[in-house]
Amino acid sequence: MDAEIKNFIKVWITAVTSLCYCYYIVAKIPRGTIRLLFLLPIFYLLTMLPCNLNSFHLGGPTAFFLGWLGNFKLLLFAFDQGPLSPPLPKLLHFISIACLPIKLKQDPSPNTKNNKNPSHKSTTKSHNPTKVTRYMLLAIKALLLAMIIWAYNYRPYLHSYVILVLYCCHTYLIGEMILALAAAPVKAIFGFEIEPQFNEPYLATSLQDFWGHRWNLMVTSILRPTVYIPIRRISTNVIGSHWAALPAIISTFIVSGLAHEVIYFYFTRVHPTWEVTWFFVLHGVCTAIEVVVKKAVTNRWQLHRAISGPLTVGFVAVTSFWLFFPQLIRNGVDEKAIKEYSLLVDFVKVNLPSRL
């Protein structure tokens with residue numbers, strides 16, 4: 001584990017150094033194809049760096065932050081679009097926004113509205129009940145995650161479907177925890193007003209609601225300008241504005257599936273089986289059908305959320321059992337992650353009493 005931590009530090013020092021190159025050199029190059037050419041070595045570097053890590057909990061987030069979010073943000077940066085577009089922020093702000101799962105709020109809260117620079121810390125204390133509720137929910141989710149990890153001790157006695165349900169809950173909870181923890185230091189140091197990364201996806205009432213407004217909103221905010229909007233613009237010229245959203249939706253899901261294949265490669269180091277890509281293709285097609293049906297029955301008929309909610313979450317869960325998890329389970333990624341939790345617990349048990 002010590003070697004893994006050293007590799008982790010080296011990976012992130014290299015990533016930060018490459019982003020300094022982007023800030024001081026690439027940013028001075030005119031936007032467009034020339035700037036994109038100067039960014040090609042950085043795309044390659046950010047894609048390859050996660051290969052130096054083998055652990056689930058260090059390699060997974062690094063692959064997502066650098067290999068996916070970082071590359072897509074720099075792709076937008078090549079054309080002066082996205083979160084890194086002019087006016088160019090300060091260096092540390094640039095690095096944080098480029099490689100961490102944060103999206104700055106466009107409309108700052110009243111606490112920062114009167115500041116000339118919204119990235120500066122506010123001197124006014126906030127008593128926003130929404131924030132209190134959010135922190136309470138986060139604490140409850142952390143407790144649920146701990147309970148799920150504890151339940152893994154009894155996996156030999158649990159039905160396989162129960163284990164898959166635990167994996168679904170685990171995926172959501174650990175995703176939200178990791179993204180929140182990664183964003184918290186930046187928010188505390190720079191005073192950024194940050195958009196939430198998740199929006200209670202278990203309350204989704206449709207696939208469009210789940211993927212577009214609730215699940216991993218960082219990915220949504222990056223795929224929209226890089227894939228959805230360009231494809232929709234092209235489709236409008238080809239098939240008209242009425243149907244242009246459909247190929248844009250499906251294309252966005254395909255790109256998401258391919259990005260997940262890359263993430264899975266970092267986890268497994270085996271050739272892709274394309275199951276996770278088919279998972280996203282299926283959801284893209286179903287979301288497109290859902291959009292068509294909604295347009296056809298608008299103001300005439302609508303499922304009650306008590307029905308549409310469980311149907312949506314159930315569809316996501318069942319298709320995850322079928323296509324999302326099998327590749328990870330076959331290659332022992334779940335066992336690896338659980339083993340890392342056990343090692344962490346043992347480390348805390350051994351070292352915490354001596355420090356107290």
# chains A, B, ... in the order shown; residues from 1 in each chain; ligands from 1
>>> residues_around(residues="Leu144 of chain A", least_positions_apart="3", cutoff="12 Å", atoms="only C-alpha atoms", output="PyMOL selection string")
chain A and resi 137-141+147-151+166+169-170+172-174+177
>>> residues_around(residues="segment 244-259 of chain A", least_positions_apart="6", cutoff="8 Å", atoms="only C-alpha atoms", output="mmCIF file with N, CA and C atoms, in the first residue's frame")
data_model
loop_
_atom_site.group_PDB
_atom_site.id
_atom_site.type_symbol
_atom_site.label_atom_id
_atom_site.label_comp_id
_atom_site.auth_asym_id
_atom_site.auth_seq_id
_atom_site.Cartn_x
_atom_site.Cartn_y
_atom_site.Cartn_z
ATOM 1 N N TRP A 68 -11.235 11.094 -17.633
ATOM 2 C CA TRP A 68 -12.526 11.482 -18.211
ATOM 3 C C TRP A 68 -12.767 12.981 -18.069
ATOM 4 N N LEU A 223 -20.750 16.293 -20.724
ATOM 5 C CA LEU A 223 -21.192 15.661 -21.968
ATOM 6 C C LEU A 223 -22.146 16.554 -22.763
ATOM 7 N N ARG A 224 -22.853 17.430 -22.079
ATOM 8 C CA ARG A 224 -23.798 18.295 -22.809
ATOM 9 C C ARG A 224 -23.082 19.192 -23.824
ATOM 10 N N VAL A 227 -20.774 16.704 -26.448
ATOM 11 C CA VAL A 227 -21.419 15.713 -27.319
ATOM 12 C C VAL A 227 -22.841 16.125 -27.700
ATOM 13 N N TYR A 228 -23.685 16.351 -26.702
ATOM 14 C CA TYR A 228 -25.109 16.544 -26.964
ATOM 15 C C TYR A 228 -25.383 17.763 -27.850
ATOM 16 N N ILE A 229 -24.853 18.914 -27.473
ATOM 17 C CA ILE A 229 -25.154 20.138 -28.230
ATOM 18 C C ILE A 229 -24.606 20.079 -29.654
ATOM 19 N N ILE A 231 -23.978 17.421 -31.578
ATOM 20 C CA ILE A 231 -24.740 16.433 -32.348
ATOM 21 C C ILE A 231 -26.147 16.952 -32.626
ATOM 22 N N ARG A 232 -26.743 17.614 -31.670
ATOM 23 C CA ARG A 232 -28.088 18.159 -31.889
ATOM 24 C C ARG A 232 -28.063 19.248 -32.961
ATOM 25 N N ARG A 233 -27.017 20.050 -32.949
ATOM 26 C CA ARG A 233 -26.906 21.104 -33.971
ATOM 27 C C ARG A 233 -26.772 20.489 -35.364
ATOM 28 N N SER A 235 -27.724 17.432 -36.238
ATOM 29 C CA SER A 235 -28.959 16.707 -36.538
ATOM 30 C C SER A 235 -30.075 17.653 -36.958
ATOM 31 N N THR A 236 -30.088 18.853 -36.400
ATOM 32 C CA THR A 236 -31.110 19.826 -36.781
ATOM 33 C C THR A 236 -31.024 20.157 -38.260
ATOM 34 N N VAL A 276 -20.854 -2.838 -20.548
ATOM 35 C CA VAL A 276 -21.224 -1.546 -19.979
ATOM 36 C C VAL A 276 -21.587 -0.554 -21.086
ATOM 37 N N THR A 277 -20.963 -0.687 -22.269
ATOM 38 C CA THR A 277 -21.356 0.167 -23.393
ATOM 39 C C THR A 277 -22.793 -0.134 -23.791
ATOM 40 N N TRP A 278 -23.151 -1.427 -23.851
ATOM 41 C CA TRP A 278 -24.526 -1.797 -24.187
ATOM 42 C C TRP A 278 -25.506 -1.333 -23.119
ATOM 43 N N PHE A 279 -25.052 -1.274 -21.874
ATOM 44 C CA PHE A 279 -25.898 -0.731 -20.809
ATOM 45 C C PHE A 279 -26.299 0.707 -21.138
ATOM 46 N N PHE A 280 -25.325 1.507 -21.551
ATOM 47 C CA PHE A 280 -25.626 2.904 -21.840
ATOM 48 C C PHE A 280 -26.346 3.076 -23.184
ATOM 49 N N VAL A 281 -26.052 2.213 -24.146
ATOM 50 C CA VAL A 281 -26.810 2.253 -25.396
ATOM 51 C C VAL A 281 -28.284 1.969 -25.117
ATOM 52 N N HIS A 283 -29.932 2.395 -22.324
ATOM 53 C CA HIS A 283 -30.535 3.522 -21.609
ATOM 54 C C HIS A 283 -30.694 4.735 -22.526
ATOM 55 N N GLY A 284 -29.777 4.909 -23.472
ATOM 56 C CA GLY A 284 -29.929 5.999 -24.429
ATOM 57 C C GLY A 284 -31.148 5.812 -25.306
ATOM 58 N N VAL A 285 -31.340 4.594 -25.811
ATOM 59 C CA VAL A 285 -32.498 4.305 -26.658
ATOM 60 C C VAL A 285 -33.788 4.456 -25.862
ATOM 61 N N THR A 287 -34.289 6.260 -23.160
ATOM 62 C CA THR A 287 -34.494 7.678 -22.854
ATOM 63 C C THR A 287 -35.044 8.415 -24.067
ATOM 64 N N ALA A 288 -34.520 8.104 -25.251
ATOM 65 C CA ALA A 288 -35.021 8.730 -26.484
ATOM 66 C C ALA A 288 -36.488 8.358 -26.711
#
>>> select_by_dssp(residues="segment 156-334 of chain A", states="helix (DSSP H, G or I)", output="ChimeraX atom specification")
/A:156-157,160-190,201-203,207-214,217-239,245-268,275-297,305-324,326-330,333-334
>>> closest_residue(among="A:Leu19, A:Leu179, A:Leu92, A:Leu158", to="Ile42 of chain A", atoms="only C-alpha atoms")
A:Leu19
>>> atom_distance(atom1="atom CA of Trp12 of chain A", atom2="atom CA of Ala184 of chain A")
17.6 Å
>>> closest_residue(among="A:Pro83, A:Gly240, A:Pro326, A:Gly309", to="Ile95 of chain A", atoms="only C-alpha atoms")
A:Pro83
>>> atom_distance(atom1="atom CA of Tyr21 of chain A", atom2="atom CA of Pro89 of chain A")
14.6 Å
>>> residues_around(residues="Glu275 of chain A", least_positions_apart="5", cutoff="12 Å", atoms="only C-alpha atoms", output="list in words")
Ile254, Gly257, Leu258, His260, Glu261, Tyr264, Phe280, Val281, Leu282, Thr319, Ser320, Phe321, Trp322, Leu323, Phe324, Phe325, Pro326, Gln327, Leu328 and Arg330 of chain A
>>> atom_distance(atom1="atom CA of Lys336 of chain A", atom2="atom CA of Thr268 of chain A")
10.4 Å
>>> closest_residue(among="A:Leu69, A:Ala182, A:Val316, A:Ile263", to="Met218 of chain A", atoms="only C-alpha atoms")
A:Leu69
>>> closest_residue(among="A:Leu143, A:Ala78, A:Cys51, A:Leu91", to="Pro30 of chain A", atoms="only C-alpha atoms")
A:Ala78
>>> residues_around(residues="Cys20 of chain A", least_positions_apart="4", cutoff="12 Å", atoms="only C-alpha atoms", output="MDAnalysis selection string")
chainID A and resid 13:16 24:27 42 90:96 98:99
>>> write_last_selection(atoms="C-alpha atoms", output="tab-separated table (two decimals), in the first residue's frame")
chain	number	residue	atom	x	y	z
A	13	ILE	CA	2.23	15.84	-9.21
A	14	THR	CA	2.61	14.96	-12.89
A	15	ALA	CA	-1.01	15.90	-13.58
A	16	VAL	CA	-0.67	19.26	-11.82
A	24	TYR	CA	1.09	29.19	-18.90
A	25	ILE	CA	1.71	28.03	-22.46
A	26	VAL	CA	-1.36	26.52	-24.12
A	27	ALA	CA	-3.66	29.30	-22.93
A	42	ILE	CA	-1.69	16.24	-22.27
A	90	LYS	CA	-6.03	32.05	-11.22
A	91	LEU	CA	-3.61	29.14	-11.53
A	92	LEU	CA	-4.82	27.18	-8.48
A	93	HIS	CA	-8.42	27.76	-9.50
A	94	PHE	CA	-7.61	26.55	-13.03
A	95	ILE	CA	-5.98	23.36	-11.72
A	96	SER	CA	-8.82	22.65	-9.29
A	98	ALA	CA	-9.64	21.16	-14.53
A	99	CYS	CA	-8.99	17.98	-12.56
>>> residues_around(residues="Leu36 of chain A", least_positions_apart="2", cutoff="9 Å", atoms="only C-alpha atoms", output="list of chain:residue names")
A:Val26, A:Arg31, A:Gly32, A:Thr33, A:Ile34, A:Phe38, A:Leu39, A:Leu40, A:Leu74, A:Leu75, A:Phe77, A:Ala78, A:Phe79
>>> closest_atom_pairs(of="segment 219-278 of chain A", to="segment 185-201 of chain A", cutoff="12 Å", atoms="only C-alpha atoms", output="tab-separated table")
residue	atom	partner	partner_atom	distance
A:Val219	CA	A:Gln197	CA	8.9
A:Thr220	CA	A:Gln197	CA	9.7
A:Ser221	CA	A:Gln197	CA	9.9
>>> closest_residue(among="A:Phe267, A:Tyr167, A:Tyr152, A:Phe65", to="Ile97 of chain A", atoms="only C-alpha atoms")
A:Phe65
>>> residues_around(residues="Lys10 of chain A", least_positions_apart="5", cutoff="12 Å", atoms="only C-alpha atoms", output="list in words")
Ala3, Glu4, Ile5, Ala15, Val16, Thr17, Leu49, Pro50, Asn52, Leu53 and Thr62 of chain A
